[in-house]
Amino acid sequence: MSKAANNDVIEKIISLSKRRGFVFQSSEIYGGLNGCWDYGPHGVELLKNIKEEWWKFMTYREDVEGLDASILMHPKVWEASGHVENFTDPMVDCKQCKSRFRLDVLSDQVNEKKKKKAVEALKESLKENAVLVNKIDSINSGADENENFEKLLTDQETGTYLLAELNCPMCGNKGTFTAARQFNLMFKTFIGPVEDSGAVVYLRPETAQGIYVNFLNVQGASRQKLPFGIAQIGKAFRNEINTKNFLFRTREFEQMEMQFFVKPADDKKWYDYWKAERLNWYTSLGMTGVKLRYHDHPKDKLAHYAKEATDIEYQFPFGWGEIEGIHNRTNFDLNRHEEYSGKSLKYFDEESKEKFVPFIIETSAGASRSFMAFLVDAYYEEEVNGEQRSVLKFHQKLAPVKAAILPLVNKDGMPEIARGIEKDLRRNFKVFYDDKGAIGRRYRRQDEIGTPYCITIDTQTLEDKTVTVRERDSMNQVRVSNDKLSEYLLKKLND
RNA sequence: GCGGCAGUAAUUCAGUGGUAGAAUGUCAGCUUCCCAAGCUGGACGUCGCGGGUUCAAGUCCCGUCUGCCGCUCCA
């Protein structure tokens, strides 16, 4: 498929999402908010179904417990996790050659002669501003010249001017740097209504830490023994540099995470187990197998906490993209929390009489990314009798509406019977009643939102109390007795 | 964050500086016995937002926001 055609598909899905109520742009009437999206009536239903299937798959088993931790956590959590340190480097870009530098790294790459020259030029350009010149002299009075330079460069006031005097180490051009920016990827807010820096807290950038700090609480309360896991679904927030590709990269997103605590010696076994299980989950819900793959992280690219890592990637129209990460996080996180909290997070193994900090195998799925993958994967355009139909072939467990009830015509008592069936089915299923327009049009409306079954009341219904059930993908119809409908649907939907 | 393209009805898109349009969808009614059929009627526009030029701006200029694409980033 050509690039243009690929973009068309995403455009069509975005358009359908808005038109039929899956996804709207956040704050649209105010011009939108970058990278934020709202889930409409069908979207919230689809998302809820995805989360529910994940929850059942991951926690309806003996060795995994659930948890719902607070989004706001003690700020020390993020010092222990490494997020405060790793998320806050000031960076500059070269506008000429597009290279990006951490400010402290850039400082190291400038030789001493050049540093002196740059500072001279800086003072010359600022000679009318006595306050800043004083500040420069004051910073420059330090013993270590390299350190002085780094301070000048990282200072908000002097840094901007000093950058203009420097050449890019990559392309050699002068004055091509953007202003230094703090790349703080964590959202900061304040506990209490007064914006005092002593009360800074962060919106969690991942749900995992809520699980780690509750490790012994859950273990004790649930009387679990190793190996066991803790699962959680919840929102997380990252101040991404740029958002992209519809729901794929957003600043507010939802994670479905499970942290599995194991004996260090068993880590490889469980890593392999969950790696296989998690891919199975996607295919079991109808996602196209050949559009899924693992992307194993090479050893030299691993995150600071990981011993082994893989991504499950889906082939989106714009390319392969990560929808889930599986990591062996070792005992890094629990060790750090022991260190920062001063509390023991060791586990005592009754059999071996050993006391140790468990290793953690993490499965971290993006709910919003899964949503997009399931949506894109389900989208088909087909030709039926020379006419085109667009259809979302969702797995029946994910479909936002399970069945539509359609009186063939609005007379002869059909609407009354249809309303009766609707009332009966609505107790157990998300159903939709539609008597507007020709039957073909109504079928297509349901195809477009992925409703797996359409129930039609016709003349024969008046005679023998049966209705037709039309299946979305094949468009085949079978006659089912009115009083067997509920049972019939239940069986089909649980297949 | 840099560069390119775009933004007009719910959607897709026309629109030459001079009265804002089409198709689809949607709603009401009629018709309709199975896959976007037909007829009649109706509703829906801060032309993304803010400035500027002009007698006059959807149209030209500047800024900004949002989206898409490429780079970059994604501990």
# chains A, B, ... in the order shown; residues from 1 in each chain; ligands from 1

call {"tool": "interface_residues", "arguments": {"of": "chain B", "to": "chain A", "cutoff": "12 Å", "atoms": "only C-alpha atoms (C1' of nucleotides)", "output": "number ranges by chain"}}
result
B: 1-3, 7, 10-12, 25-28, 31-38, 46, 48-49, 64-69, 71-75

call {"tool": "closest_residue", "arguments": {"among": "A:Val77, A:Cys36, A:Leu392, A:Cys454", "to": "A:Ala404", "atoms": "only C-alpha atoms"}}
result
A:Cys454

call {"tool": "select_by_dssp", "arguments": {"residues": "stretch 232-373 of chain A", "states": "strand (DSSP E)", "output": "PyMOL selection string"}}
result
chain A and resi 232-237+252-262+292-296+308-316+319-330+347-349+354-356+359-366

call {"tool": "atom_distance", "arguments": {"atom1": "atom CA of A:Glu322", "atom2": "atom CA of A:Leu67"}}
result
24.5 Å

call {"tool": "closest_residue", "arguments": {"among": "A:Ile14, A:Leu462, A:Leu162, A:Leu493", "to": "A:Lys411", "atoms": "only C-alpha atoms"}}
result
A:Leu462

call {"tool": "atom_distance", "arguments": {"atom1": "atom CA of A:Thr461", "atom2": "atom CA of A:Asp473"}}
result
23.9 Å

call {"tool": "residues_around", "arguments": {"residues": "A:Glu112", "least_positions_apart": "6", "cutoff": "10 Å", "atoms": "only C-alpha atoms (C1' of nucleotides)", "output": "PyMOL selection string"}}
result
chain A and resi 118+145-146+149

call {"tool": "write_last_selection", "arguments": {"atoms": "N, CA and C atoms", "output": "CSV table (one decimal), in the first residue's frame"}}
result
chain,number,residue,atom,x,y,z
A,118,ALA,N,34.2,32.9,24.3
A,118,ALA,CA,32.8,33.0,24.3
A,118,ALA,C,32.3,33.9,25.5
A,145,GLU,N,37.3,26.5,36.2
A,145,GLU,CA,36.8,27.3,35.1
A,145,GLU,C,35.7,26.6,34.3
A,146,ASN,N,35.9,25.2,34.1
A,146,ASN,CA,35.0,24.4,33.4
A,146,ASN,C,33.6,24.4,34.1
A,149,PHE,N,31.9,27.7,33.5
A,149,PHE,CA,31.3,27.8,32.2
A,149,PHE,C,30.0,27.1,32.2

call {"tool": "residues_around", "arguments": {"residues": "stretch 342-358 of chain A", "least_positions_apart": "2", "cutoff": "8 Å", "atoms": "only C-alpha atoms (C1' of nucleotides)", "output": "PyMOL selection string"}}
result
chain A and resi 215-216+226+261-264+330-331+334-335+337-340+360

call {"tool": "residues_around", "arguments": {"residues": "A:Ile71", "least_positions_apart": "5", "cutoff": "12 Å", "atoms": "only C-alpha atoms (C1' of nucleotides)", "output": "PyMOL selection string"}}
result
chain A and resi 77+187+189+201-211+232-237+252+254-255

call {"tool": "closest_residue", "arguments": {"among": "A:Glu487, A:Asp68, A:Glu324, A:Asp137", "to": "A:Phe429", "atoms": "only C-alpha atoms"}}
result
A:Glu487

call {"tool": "select_by_dssp", "arguments": {"residues": "stretch 134-336 of chain A", "states": "helix (DSSP H, G or I)", "output": "VMD selection string"}}
result
chain A and resid 134 to 140 145 to 154 156 to 164 197 to 199 208 to 212 215 to 222 264 to 284 289 to 291 299 to 301 332 to 336
